[in-house]
Each structure stands twice: as C-alpha cells, then as structure tokens.
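Shown next: run16.pdb, containing PDB, C-alpha atoms.
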MODEL        1
ATOM      1  CA  MET A 998     104.396  52.852 169.090
ATOM      2  CA  LYS A 999     105.012  56.535 169.659
ATOM      3  CA  ILE A1000     108.699  55.897 170.225
ATOM      4  CA  LYS A1001     108.958  53.959 166.944
ATOM      5  CA  LEU A1002     107.275  56.789 165.038
ATOM      6  CA  ILE A1003     109.621  59.312 166.621
ATOM      7  CA  ILE A1004     112.663  57.186 165.680
ATOM      8  CA  ILE A1005     111.465  56.789 162.059
ATOM      9  CA  GLY A1006     110.799  60.521 161.870
ATOM     10  CA  LEU A1007     114.248  61.322 163.204
ATOM     11  CA  LEU A1008     115.883  58.919 160.731
ATOM     12  CA  LEU A1009     114.024  60.465 157.777
ATOM     13  CA  TRP A1010     114.874  63.956 158.973
ATOM     14  CA  SER A1011     118.562  63.138 159.467
ATOM     15  CA  SER A1012     118.854  61.414 156.036
ATOM     16  CA  SER A1013     117.284  64.406 154.290
ATOM     17  CA  PHE A1014     119.592  66.695 156.220
ATOM     18  CA  ALA A1015     122.640  64.601 155.233
ATOM     19  CA  GLN A1016     121.828  64.899 151.526
ATOM     20  CA  LYS A1017     120.982  68.553 151.648
ATOM     21  CA  GLY A1018     123.266  70.618 149.438
ATOM     22  CA  MET A1019     125.231  67.665 148.054
ATOM     23  CA  LYS A1020     124.972  67.528 144.269
ATOM     24  CA  SER A1021     126.818  65.531 141.648
ATOM     25  CA  ILE A1022     129.539  67.332 139.705
ATOM     26  CA  ASP A1023     127.236  67.553 136.665
ATOM     27  CA  ALA A1024     124.408  68.976 138.769
ATOM     28  CA  THR A1025     126.679  71.590 140.347
ATOM     29  CA  PHE A1026     127.991  72.672 136.941
ATOM     30  CA  LYS A1027     124.401  72.916 135.656
ATOM     31  CA  ALA A1028     123.348  74.924 138.694
ATOM     32  CA  TYR A1029     126.295  77.328 138.466
ATOM     33  CA  LYS A1030     126.296  77.941 134.718
ATOM     34  CA  SER A1031     123.282  80.213 134.936
ATOM     35  CA  ILE A1032     124.970  82.548 137.425
ATOM     36  CA  ASP A1033     125.443  85.976 135.877
ATOM     37  CA  ASN A1034     129.172  86.492 136.123
ATOM     38  CA  VAL A1035     130.138  82.923 135.249
ATOM     39  CA  THR A1036     131.362  81.631 131.884
ATOM     40  CA  PHE A1037     130.539  78.014 131.229
ATOM     41  CA  LEU A1038     132.194  75.676 128.741
ATOM     42  CA  GLU A1039     131.292  72.057 128.091
ATOM     43  CA  VAL A1040     132.874  69.766 125.520
ATOM     44  CA  SER A1041     131.413  66.305 125.045
ATOM     45  CA  ASP A1042     132.996  63.136 123.716
ATOM     46  CA  GLU A1043     131.326  63.728 120.319
ATOM     47  CA  MET A1044     132.700  67.251 120.148
ATOM     48  CA  PHE A1045     136.193  66.009 120.992
ATOM     49  CA  CYS A1046     135.888  63.515 118.118
ATOM     50  CA  MET A1047     134.806  66.329 115.828
ATOM     51  CA  LEU A1048     137.654  68.576 116.980
ATOM     52  CA  ALA A1049     140.118  65.725 116.481
ATOM     53  CA  GLU A1050     138.886  65.259 112.920
ATOM     54  CA  ALA A1051     138.721  68.950 112.042
ATOM     55  CA  ASP A1052     141.038  69.926 109.192
ATOM     56  CA  HIS A1053     142.815  72.747 110.984
ATOM     57  CA  THR A1054     143.589  70.738 114.154
ATOM     58  CA  PRO A1055     147.334  70.114 114.582
ATOM     59  CA  PRO A1056     148.264  66.413 114.835
ATOM     60  CA  GLU A1057     149.565  66.801 118.419
ATOM     61  CA  LEU A1058     146.212  68.133 119.585
ATOM     62  CA  ARG A1059     144.340  65.508 117.579
ATOM     63  CA  ALA A1060     145.966  62.732 119.588
ATOM     64  CA  TYR A1061     145.248  64.609 122.807
ATOM     65  CA  TYR A1062     141.579  65.266 122.003
ATOM     66  CA  LYS A1063     141.019  61.595 121.182
ATOM     67  CA  GLN A1064     141.939  60.687 124.770
ATOM     68  CA  LEU A1065     139.308  62.983 126.256
ATOM     69  CA  ASP A1066     135.682  62.141 127.015
ATOM     70  CA  SER A1067     134.438  65.231 128.756
ATOM     71  CA  LEU A1068     135.517  68.741 129.676
ATOM     72  CA  LYS A1069     133.602  71.251 131.771
ATOM     73  CA  MET A1070     134.730  74.650 132.903
ATOM     74  CA  LEU A1071     133.249  77.397 135.022
ATOM     75  CA  GLU A1072     135.072  80.692 135.194
ATOM     76  CA  LEU A1073     134.223  83.820 137.116
ATOM     77  CA  ARG A1074     134.251  86.946 134.984
ATOM     78  CA  GLY A1075     135.001  90.463 136.139
ATOM     79  CA  GLN A1076     134.924  90.851 139.910
ATOM     80  CA  GLN A1077     136.669  87.913 141.433
ATOM     81  CA  GLY A1078     136.050  86.648 144.894
ATOM     82  CA  ASP A1079     132.442  86.651 145.956
ATOM     83  CA  PRO A1080     132.093  88.886 148.993
ATOM     84  CA  VAL A1081     129.852  86.276 150.614
ATOM     85  CA  GLN A1082     131.522  83.033 149.550
ATOM     86  CA  SER A1083     134.159  82.265 146.938
ATOM     87  CA  LEU A1084     133.575  79.840 144.064
ATOM     88  CA  TYR A1085     136.175  77.582 145.645
ATOM     89  CA  GLN A1086     134.393  77.262 148.962
ATOM     90  CA  LYS A1087     130.909  77.111 147.470
ATOM     91  CA  PHE A1088     131.726  74.424 144.891
ATOM     92  CA  LEU A1089     133.435  72.171 147.412
ATOM     93  CA  ALA A1090     130.605  72.645 149.894
ATOM     94  CA  ASP A1091     127.858  71.940 147.343
ATOM     95  CA  THR A1092     129.350  69.014 145.449
ATOM     96  CA  ASP A1093     129.345  65.358 146.348
ATOM     97  CA  LEU A1094     132.954  64.334 145.694
ATOM     98  CA  GLU A1095     132.705  60.786 146.966
ATOM     99  CA  GLY A1096     135.292  58.607 145.219
ATOM    100  CA  PHE A1097     137.611  61.529 144.542
ATOM    101  CA  SER A1098     141.037  61.746 146.106
ATOM    102  CA  ARG A1099     142.433  65.139 146.892
ATOM    103  CA  LEU A1100     145.837  65.165 145.209
ATOM    104  CA  MET A1101     146.814  68.652 146.133
ATOM    105  CA  VAL A1102     145.435  71.508 148.193
ATOM    106  CA  ALA A1103     146.936  74.976 148.269
ATOM    107  CA  GLU A1104     145.059  77.315 150.556
ATOM    108  CA  SER A1105     146.030  80.835 151.452
ATOM    109  CA  ALA A1106     144.158  84.120 151.670
ATOM    110  CA  GLY A1107     142.669  84.848 148.258
ATOM    111  CA  ASP A1108     144.500  82.000 146.552
ATOM    112  CA  ASN A1109     142.910  78.619 147.048
ATOM    113  CA  MET A1110     143.273  75.608 144.832
ATOM    114  CA  SER A1111     142.313  71.959 145.125
ATOM    115  CA  PHE A1112     143.260  69.298 142.636
ATOM    116  CA  LEU A1113     141.241  66.090 142.796
ATOM    117  CA  LYS A1114     141.259  62.764 140.993
ATOM    118  CA  ASN A1115     138.825  59.886 140.617
ATOM    119  CA  LYS A1116     139.724  56.639 138.866
ATOM    120  CA  SER A1117     136.651  55.926 136.767
ATOM    121  CA  GLY A1118     137.850  52.907 134.776
ATOM    122  CA  SER A1119     140.814  50.662 134.098
ATOM    123  CA  ASN A1120     142.606  53.451 132.239
ATOM    124  CA  LYS A1121     140.132  56.284 132.662
ATOM    125  CA  ASN A1122     140.370  59.068 135.190
ATOM    126  CA  GLU A1123     138.462  62.162 136.190
ATOM    127  CA  PHE A1124     140.349  65.266 137.281
ATOM    128  CA  LEU A1125     138.838  68.251 138.989
ATOM    129  CA  LEU A1126     140.564  71.543 139.586
ATOM    130  CA  VAL A1127     138.773  73.935 141.908
ATOM    131  CA  SER A1128     140.189  77.407 142.438
ATOM    132  CA  ASP A1129     138.854  80.785 143.537
ATOM    133  CA  ASN A1130     137.926  81.878 140.056
ATOM    134  CA  ALA A1131     137.589  78.637 138.049
ATOM    135  CA  VAL A1132     136.456  75.039 138.223
ATOM    136  CA  ILE A1133     137.710  72.656 135.538
ATOM    137  CA  TYR A1134     136.629  69.044 135.150
ATOM    138  CA  VAL A1135     138.352  66.717 132.672
ATOM    139  CA  ALA A1136     137.603  63.021 132.084
ATOM    140  CA  GLY A1137     139.098  60.492 129.732
ATOM    141  CA  GLU A1138     142.051  58.226 129.162
ATOM    142  CA  ILE A1139     144.382  60.674 130.807
ATOM    143  CA  ASP A1140     146.673  60.758 133.805
ATOM    144  CA  LEU A1141     148.510  63.424 135.751
ATOM    145  CA  LYS A1142     151.424  63.273 133.342
ATOM    146  CA  SER A1143     149.251  63.961 130.319
ATOM    147  CA  ILE A1144     147.709  66.977 132.082
ATOM    148  CA  GLN A1145     151.161  68.290 132.942
ATOM    149  CA  GLU A1146     152.264  67.765 129.348
ATOM    150  CA  PHE A1147     149.433  69.763 127.796
ATOM    151  CA  GLN A1148     151.415  72.996 128.069
ATOM    152  CA  ARG A1149     154.201  71.391 126.036
ATOM    153  CA  VAL A1150     151.739  69.812 123.573
ATOM    154  CA  LEU A1151     150.130  73.167 122.971
ATOM    155  CA  ALA A1152     153.518  74.827 122.550
ATOM    156  CA  ILE A1153     154.469  72.207 119.984
ATOM    157  CA  ALA A1154     151.140  72.621 118.231
ATOM    158  CA  GLY A1155     151.910  76.318 118.044
ATOM    159  CA  THR A1156     148.499  77.477 119.110
ATOM    160  CA  ALA A1157     149.251  79.323 122.322
ATOM    161  CA  MET A1158     146.263  81.133 123.697
ATOM    162  CA  ALA A1159     147.346  84.722 123.319
ATOM    163  CA  GLY A1160     143.785  85.984 123.359
ATOM    164  CA  HIS A1161     142.862  84.699 126.754
TER     165      HIS A1161
ATOM    166  CA  MET B 334      98.282 -46.303 113.209
ATOM    167  CA  THR B 335      94.781 -46.043 114.388
ATOM    168  CA  ASN B 336      96.096 -44.629 117.614
ATOM    169  CA  ASN B 337      98.234 -42.156 115.688
ATOM    170  CA  ASN B 338      95.312 -41.243 113.467
ATOM    171  CA  SER B 339      93.255 -40.620 116.550
ATOM    172  CA  LYS B 340      96.020 -38.260 117.796
ATOM    173  CA  LEU B 341      95.861 -36.346 114.549
ATOM    174  CA  ALA B 342      92.076 -36.518 114.585
ATOM    175  CA  GLY B 343      92.140 -35.112 118.129
ATOM    176  CA  PHE B 344      94.338 -32.241 116.976
ATOM    177  CA  LEU B 345      92.121 -31.589 113.967
ATOM    178  CA  ASP B 346      89.052 -31.709 116.201
ATOM    179  CA  GLY B 347      90.634 -29.197 118.451
ATOM    180  CA  THR B 348      90.666 -31.444 121.507
ATOM    181  CA  ARG B 349      94.501 -31.562 121.482
ATOM    182  CA  ASP B 350      96.941 -28.798 120.789
ATOM    183  CA  LEU B 351     100.103 -28.856 118.678
ATOM    184  CA  GLU B 352     102.413 -29.126 121.682
ATOM    185  CA  ASP B 353     100.761 -32.391 122.716
ATOM    186  CA  LEU B 354     101.070 -33.739 119.224
ATOM    187  CA  LEU B 355     104.764 -32.795 119.028
ATOM    188  CA  ALA B 356     105.391 -34.460 122.357
ATOM    189  CA  GLU B 357     104.149 -37.753 120.954
ATOM    190  CA  GLU B 358     106.759 -40.262 119.804
ATOM    191  CA  ASN B 359     106.335 -42.839 117.093
ATOM    192  CA  LEU B 360     104.419 -40.584 114.827
ATOM    193  CA  ALA B 361     103.606 -41.948 111.397
ATOM    194  CA  SER B 362     105.349 -40.429 108.414
ATOM    195  CA  GLU B 363     102.133 -38.822 107.135
ATOM    196  CA  GLU B 364     101.595 -37.325 110.586
ATOM    197  CA  GLN B 365     105.166 -35.992 110.635
ATOM    198  CA  ASP B 366     104.604 -34.587 107.137
ATOM    199  CA  PHE B 367     101.405 -32.955 108.380
ATOM    200  CA  ILE B 368     103.212 -31.385 111.340
ATOM    201  CA  GLN B 369     106.072 -30.209 109.112
ATOM    202  CA  GLY B 370     103.589 -28.754 106.632
ATOM    203  CA  TYR B 371     101.617 -27.136 109.444
ATOM    204  CA  ARG B 372     104.817 -25.513 110.807
ATOM    205  CA  GLU B 373     105.745 -24.233 107.354
ATOM    206  CA  VAL B 374     102.292 -22.744 106.925
ATOM    207  CA  ILE B 375     102.542 -21.024 110.356
ATOM    208  CA  GLN B 376     106.030 -19.717 109.580
ATOM    209  CA  ALA B 377     105.002 -18.532 106.130
ATOM    210  CA  ARG B 378     101.927 -16.843 107.612
ATOM    211  CA  SER B 379     103.992 -15.097 110.297
ATOM    212  CA  GLU B 380     106.577 -13.950 107.756
ATOM    213  CA  GLU B 381     103.850 -12.768 105.457
ATOM    214  CA  VAL B 382     102.038 -10.852 108.155
ATOM    215  CA  GLY B 383     105.154  -9.765 110.084
ATOM    216  CA  MET B 384     105.423  -6.134 111.322
ATOM    217  CA  PRO B 385     104.199  -3.961 108.562
ATOM    218  CA  ASP B 386     106.724  -1.275 107.456
ATOM    219  CA  PHE B 387     103.956   1.122 106.807
ATOM    220  CA  ASP B 388     103.461   4.513 108.471
ATOM    221  CA  PRO B 389     100.094   6.022 107.638
ATOM    222  CA  LEU B 390     101.323   9.458 108.892
ATOM    223  CA  LYS B 391     104.520   9.391 106.838
ATOM    224  CA  LYS B 392     103.344  11.826 104.175
ATOM    225  CA  LEU B 393     101.778  14.066 106.763
ATOM    226  CA  LYS B 394     105.034  14.136 108.724
ATOM    227  CA  GLU B 395     107.060  14.843 105.603
ATOM    228  CA  SER B 396     104.813  17.695 104.549
ATOM    229  CA  SER B 397     104.868  19.069 108.099
ATOM    230  CA  ARG B 398     108.674  18.866 108.135
ATOM    231  CA  ALA B 399     108.883  20.594 104.784
ATOM    232  CA  ARG B 400     106.524  23.299 105.963
ATOM    233  CA  THR B 401     108.550  23.840 109.172
ATOM    234  CA  LEU B 402     111.742  24.061 107.128
ATOM    235  CA  LYS B 403     110.134  26.573 104.803
ATOM    236  CA  VAL B 404     108.841  28.716 107.672
ATOM    237  CA  ARG B 405     112.252  28.575 109.347
ATOM    238  CA  THR B 406     114.019  29.576 106.132
ATOM    239  CA  ILE B 407     111.629  32.486 105.654
ATOM    240  CA  PHE B 408     112.116  33.532 109.287
ATOM    241  CA  TYR B 409     115.923  33.476 108.996
ATOM    242  CA  ALA B 410     115.781  35.381 105.733
ATOM    243  CA  ALA B 411     113.491  37.996 107.283
ATOM    244  CA  ALA B 412     115.752  38.283 110.359
ATOM    245  CA  ALA B 413     118.812  38.688 108.106
ATOM    246  CA  VAL B 414     117.022  41.409 106.115
ATOM    247  CA  VAL B 415     116.053  43.221 109.340
ATOM    248  CA  VAL B 416     119.619  43.011 110.728
ATOM    249  CA  ILE B 417     121.138  44.236 107.458
ATOM    250  CA  ALA B 418     118.592  47.052 107.199
ATOM    251  CA  PHE B 419     119.197  48.052 110.828
ATOM    252  CA  THR B 420     122.990  48.037 110.350
ATOM    253  CA  ILE B 421     122.776  50.086 107.158
ATOM    254  CA  GLY B 422     120.319  52.457 108.863
ATOM    255  CA  THR B 423     122.570  52.899 111.895
ATOM    256  CA  ILE B 424     125.640  53.554 109.766
ATOM    257  CA  TRP B 425     123.732  55.971 107.575
ATOM    258  CA  LYS B 426     122.246  57.744 110.598
ATOM    259  CA  SER B 427     125.635  58.114 112.300
ATOM    260  CA  GLN B 428     127.144  59.429 109.069
ATOM    261  CA  GLN B 429     124.276  61.869 108.704
ATOM    262  CA  ALA B 430     124.619  62.908 112.360
ATOM    263  CA  GLY B 431     128.365  63.404 111.957
ATOM    264  CA  ALA B 432     127.882  65.309 108.737
ATOM    265  CA  SER B 433     125.114  67.478 110.177
ATOM    266  CA  MET B 434     127.147  68.109 113.361
ATOM    267  CA  SER B 435     130.148  69.159 111.315
ATOM    268  CA  SER B 436     127.995  71.269 109.075
ATOM    269  CA  ASP B 437     126.333  72.876 112.134
ATOM    270  CA  TYR B 438     129.620  74.569 112.980
ATOM    271  CA  SER B 439     131.460  76.980 110.778
ATOM    272  CA  PRO B 440     135.278  76.805 110.651
ATOM    273  CA  LYS B 441     135.314  79.974 112.757
ATOM    274  CA  GLU B 442     133.096  78.389 115.425
ATOM    275  CA  LEU B 443     135.174  75.244 115.436
ATOM    276  CA  ALA B 444     138.337  77.311 115.843
ATOM    277  CA  ARG B 445     136.685  79.169 118.721
ATOM    278  CA  LEU B 446     135.683  75.918 120.371
ATOM    279  CA  GLN B 447     139.193  74.600 119.956
ATOM    280  CA  ASP B 448     140.596  77.782 121.492
ATOM    281  CA  ASP B 449     138.243  77.547 124.484
ATOM    282  CA  THR B 450     139.034  73.863 124.965
ATOM    283  CA  SER B 451     142.749  74.515 124.778
ATOM    284  CA  TYR B 452     142.353  77.394 127.209
ATOM    285  CA  ALA B 453     140.597  75.175 129.765
ATOM    286  CA  LEU B 454     143.176  72.412 129.414
ATOM    287  CA  LEU B 455     146.025  74.906 129.486
ATOM    288  CA  THR B 456     144.660  76.519 132.657
ATOM    289  CA  MET B 457     144.507  73.136 134.338
ATOM    290  CA  SER B 458     147.977  72.182 133.122
ATOM    291  CA  GLU B 459     149.476  75.518 134.194
ATOM    292  CA  LYS B 460     147.870  75.404 137.640
ATOM    293  CA  LEU B 461     149.126  71.870 138.191
ATOM    294  CA  ASN B 462     152.628  72.656 136.953
ATOM    295  CA  GLY B 463     152.693  75.918 138.939
ATOM    296  CA  SER B 464     151.665  74.160 142.126
ATOM    297  CA  LEU B 465     154.225  71.401 141.616
ATOM    298  CA  ALA B 466     156.917  74.015 140.997
ATOM    299  CA  GLN B 467     155.865  75.847 144.151
ATOM    300  CA  LEU B 468     155.977  72.575 146.083
ATOM    301  CA  ASP B 469     159.492  71.904 144.799
ATOM    302  CA  LEU B 470     160.564  75.414 145.737
ATOM    303  CA  MET B 471     159.184  75.077 149.245
ATOM    304  CA  LYS B 472     160.975  71.766 149.616
ATOM    305  CA  GLU B 473     164.249  73.329 148.460
ATOM    306  CA  LEU B 474     163.837  76.245 150.823
ATOM    307  CA  GLY B 475     163.064  73.850 153.641
ATOM    308  CA  ARG B 476     159.896  75.701 154.459
ATOM    309  CA  PRO B 477     156.977  73.815 155.930
ATOM    310  CA  PHE B 478     154.209  73.344 153.451
ATOM    311  CA  LYS B 479     151.283  72.671 155.690
ATOM    312  CA  ALA B 480     148.918  74.072 153.102
ATOM    313  CA  PHE B 481     149.637  71.103 150.867
ATOM    314  CA  GLU B 482     148.079  67.785 151.615
ATOM    315  CA  VAL B 483     149.071  64.902 149.386
ATOM    316  CA  PRO B 484     146.943  62.805 148.984
ATOM    317  CA  GLN B 485     143.715  62.735 150.963
ATOM    318  CA  LYS B 486     140.712  60.519 150.313
ATOM    319  CA  LEU B 487     137.491  62.456 150.427
ATOM    320  CA  THR B 488     134.503  61.233 152.328
ATOM    321  CA  PRO B 489     130.939  62.441 151.768
ATOM    322  CA  LYS B 490     130.043  65.332 153.959
ATOM    323  CA  ASN B 491     127.113  65.055 156.290
TER     324      ASN B 491
ENDMDL
END
Can the structure in the file be given as structure tokens, please?
Amino acid sequence: MKIKLIIIGLLLWSSSFAQKGMKSIDATFKAYKSIDNVTFLEVSDEMFCMLAEADHTPPELRAYYKQLDSLKMLELRGQQGDPVQSLYQKFLADTDLEGFSRLMVAESAGDNMSFLKNKSGSNKNEFLLVSDNAVIYVAGEIDLKSIQEFQRVLAIAGTAMAGH
Amino acid sequence: MTNNNSKLAGFLDGTRDLEDLLAEENLASEEQDFIQGYREVIQARSEEVGMPDFDPLKKLKESSRARTLKVRTIFYAAAAVVVIAFTIGTIWKSQQAGASMSSDYSPKELARLQDDTSYALLTMSEKLNGSLAQLDLMKELGRPFKAFEVPQKLTPKN
C-alpha cells in the first residue's frame, strides 16, 4: 500500500514538474506584455477585416490583410539584451511549441533568431519569429512565400515604415 | 307428401335444421319454394345487416386532425417568425458592431494601427529574407552553416 502511494505521489510530482513553465503562445504573450520595457501589439481577425475595409488602405495591403487571422508582437524597447536572460531564450523556454516545426535557427552571440511554423488547417498556417529583441506571431491563410513577399507588397503599396 | 310435410314440420318445429332439409331428395314444389324463399330472406337479411360503414368516432377524428393541423401550422409560423427575427437581429447586431467598431477608431488611430501592423509584418518579412540571403551567401562561400538547422520538429520540453 505504501509503495503504491509513493508511486502515485511520484507520478503526480513528475507530471506537475513536466508542465511547469510551459505556457501556450497566447499565455506567454499575455504574461510578457506587462513587462516594463516591452511593447505589445495584437491585431485580431476583426481588426484585420476593418483595416482591409478602411478607406485609406491600399488595395495591395487589403488583399494581404484579408488573409490574416491574428498578429501578435512583443518588442523590447531601449536596453536590449536582458543581463539575466534574453527574450529569445526566455520565450523559447517558457512556451509550449508542440506542433511547431523549426524552419530556421540562427544563433550567434547577441544575434539569435528562430523561425517556426505550425500547419493549423488545410490552408492555414501559424508562423512564429523569435529573436533577441522581438517575438512576432502571425496566423492565417499565409505561407512562407507570402511572408517573404510582404516587403515587396509594402513597397508597391508605397507605405514604407520610415518612422520605425 | 305427408312424409315431406313432416320434414318441413320438423324444420319448423326446430327438431331438424336447414342442412338436413336440403339434403332431402324428392322435396315437394311447395317445400322447394319454402326453402328458396327462406334462403332469399336469409340473404336479404345478411345484405341488409352487412358490415355497417359507420364510424362513431369519425367526427371526433376529423376535428382532432383539424386541430392538430392548426396547431402545427401555428407552430411552423411561430418558428418561421423566430428564425426571421433572429436572422434580422443577428445581421443588425453585426452591422451595429461593425459600425461601432469603425466609429471607435479615428482615421488617425486606424492609420497608426495599420503602421504598427505593417511594421510587425515587415520585420518578420525582413528577418526571413535576411536570413535566407545569409544562408545563400554562406552556401556560395562554402562556409559551414552549423548554426542553421532546417527543418527540425519540436517536441514538448520536460
């Protein structure tokens, strides 16, 4: 009887230990957005629809916005590179990325970047970019090619982000 | 004749039945007429009585059927009204929500949101294109690119 209780206790302890620190992407974004030196941006499906229908939106961007379901971004302001742990390391350590495939990893001192993808539907994908100073999550009817092409789309739309 | 009369008398008395009488041969003409007449009376009686085509619950059933039909019609009409009202309400609500959402943001705020969205997408696009360009360059230079891993399926960490 004692042995059974010990085994059950060990199983419960190990399962709680296994889940410790692993959050969903949404939960990690929510947890990080309240950090002082972090800028958070979230655009929902409804907002993308509204942006696509806004009068001043160029037609090229309209088509692009209609493909998107969700966008989330965390960006470190000011001092970059946490002396204790960088955003890159912390986000990857805290987030449950089950189902995601790591498409690309570039790691060197002070310049880390991971690019991940999860197929979430027949023609829907989730992309996650994690770097030292920013985490960007995009979901929708998009693929790698459409992400690559955004630079060109924006150039055509003539709304380059000079201010940023 | 006397014998035949006694046969008929026996039948009339009830001591003989019709089958016995019919089985008899050499019946007198008046006895045959009696049997014929008796048969006709039985046939006429059976036709007259027959199976009555009368249903005492007919009117009740008809009124019940009419009432069921009426209730069903009212139910379908009510359901149609509810569905139409719900559809109109949903459309109106979504239009109101869309209108209020649009009106919640000024053109300046919308432009800002668009800028921020474009910035996020542009950052992602640039990082991806930059990394791919770097990968190409490393390939051209023949340098090992051990820092790049393409692709790798992630497993949950324990």
Inset, instruction - Find the residues with any atom within 12 Å of (144.4, 60.9, 133.1); use only C-alpha atoms and the coordinates as given in the file, and write the answer as JSON, numbers by chain. - result: {"A": [1061, 1064, 1065, 1066, 1067, 1113, 1114, 1115, 1116, 1117, 1118, 1119, 1120, 1121, 1122, 1123, 1124, 1125, 1134, 1135, 1136, 1137, 1138, 1139, 1140, 1141, 1142, 1143, 1144, 1145, 1146, 1147], "B": [458]}
Inset, instruction - On this file, the PyMOL selection byres ((chain A) within 7 of (chain B)) gives some set of residues; write that set as a ChimeraX atom specification. - result: /A:1015,1048,1070,1093-1104,1126,1133,1144-1145,1147-1148,1158
Legend entry - Result set, the PyMOL selection byres ((chain A and resi 1020) around 7) on current file, as an MDAnalysis selection string: chainID A and resid 1018:1019 1021:1022 1024:1025 1091:1093
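Picture a line from atom CA of B:Gln365 to atom CA of B:Arg378; it runs 19.7 Å.
Atom to atom, atom CA of A:Phe1037 and atom CA of B:Gln429 stand 28.4 Å apart.
One finds atom CA of A:Ser1128 at 14.4 Å from atom CA of A:Thr1036.
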What would stretch 439-456 of chain B look like with N, CA and C atoms restored, written as an mmCIF file, in the frame of the given file?
data_model
loop_
_atom_site.group_PDB
_atom_site.id
_atom_site.type_symbol
_atom_site.label_atom_id
_atom_site.label_comp_id
_atom_site.auth_asym_id
_atom_site.auth_seq_id
_atom_site.Cartn_x
_atom_site.Cartn_y
_atom_site.Cartn_z
ATOM 1 N N SER B 439 130.611 76.379 111.803
ATOM 2 C CA SER B 439 131.460 76.980 110.778
ATOM 3 C C SER B 439 132.912 76.792 111.212
ATOM 4 N N PRO B 440 133.861 76.925 110.269
ATOM 5 C CA PRO B 440 135.278 76.805 110.651
ATOM 6 C C PRO B 440 135.659 77.781 111.763
ATOM 7 N N LYS B 441 135.019 78.967 111.738
ATOM 8 C CA LYS B 441 135.314 79.974 112.757
ATOM 9 C C LYS B 441 134.851 79.488 114.138
ATOM 10 N N GLU B 442 133.634 78.894 114.153
ATOM 11 C CA GLU B 442 133.096 78.389 115.425
ATOM 12 C C GLU B 442 133.919 77.217 115.952
ATOM 13 N N LEU B 443 134.340 76.384 115.026
ATOM 14 C CA LEU B 443 135.174 75.244 115.436
ATOM 15 C C LEU B 443 136.498 75.725 116.015
ATOM 16 N N ALA B 444 137.063 76.748 115.359
ATOM 17 C CA ALA B 444 138.337 77.311 115.843
ATOM 18 C C ALA B 444 138.153 77.920 117.225
ATOM 19 N N ARG B 445 136.989 78.559 117.425
ATOM 20 C CA ARG B 445 136.685 79.169 118.721
ATOM 21 C C ARG B 445 136.555 78.088 119.811
ATOM 22 N N LEU B 446 135.863 77.029 119.429
ATOM 23 C CA LEU B 446 135.683 75.918 120.371
ATOM 24 C C LEU B 446 137.025 75.296 120.732
ATOM 25 N N GLN B 447 137.864 75.175 119.714
ATOM 26 C CA GLN B 447 139.193 74.600 119.956
ATOM 27 C C GLN B 447 140.007 75.515 120.872
ATOM 28 N N ASP B 448 139.885 76.820 120.648
ATOM 29 C CA ASP B 448 140.596 77.782 121.492
ATOM 30 C C ASP B 448 140.132 77.682 122.949
ATOM 31 N N ASP B 449 138.798 77.618 123.125
ATOM 32 C CA ASP B 449 138.243 77.547 124.484
ATOM 33 C C ASP B 449 138.669 76.254 125.182
ATOM 34 N N THR B 450 138.637 75.160 124.406
ATOM 35 C CA THR B 450 139.034 73.863 124.965
ATOM 36 C C THR B 450 140.500 73.898 125.375
ATOM 37 N N SER B 451 141.312 74.430 124.488
ATOM 38 C CA SER B 451 142.749 74.515 124.778
ATOM 39 C C SER B 451 143.001 75.411 125.992
ATOM 40 N N TYR B 452 142.198 76.474 126.086
ATOM 41 C CA TYR B 452 142.353 77.394 127.209
ATOM 42 C C TYR B 452 142.069 76.681 128.534
ATOM 43 N N ALA B 453 140.971 75.911 128.544
ATOM 44 C CA ALA B 453 140.597 75.175 129.765
ATOM 45 C C ALA B 453 141.684 74.169 130.135
ATOM 46 N N LEU B 454 142.141 73.426 129.149
ATOM 47 C CA LEU B 454 143.176 72.412 129.414
ATOM 48 C C LEU B 454 144.486 73.065 129.821
ATOM 49 N N LEU B 455 144.783 74.186 129.169
ATOM 50 C CA LEU B 455 146.025 74.906 129.486
ATOM 51 C C LEU B 455 145.985 75.459 130.914
ATOM 52 N N THR B 456 144.808 75.987 131.299
ATOM 53 C CA THR B 456 144.660 76.519 132.657
ATOM 54 C C THR B 456 144.929 75.419 133.687
#
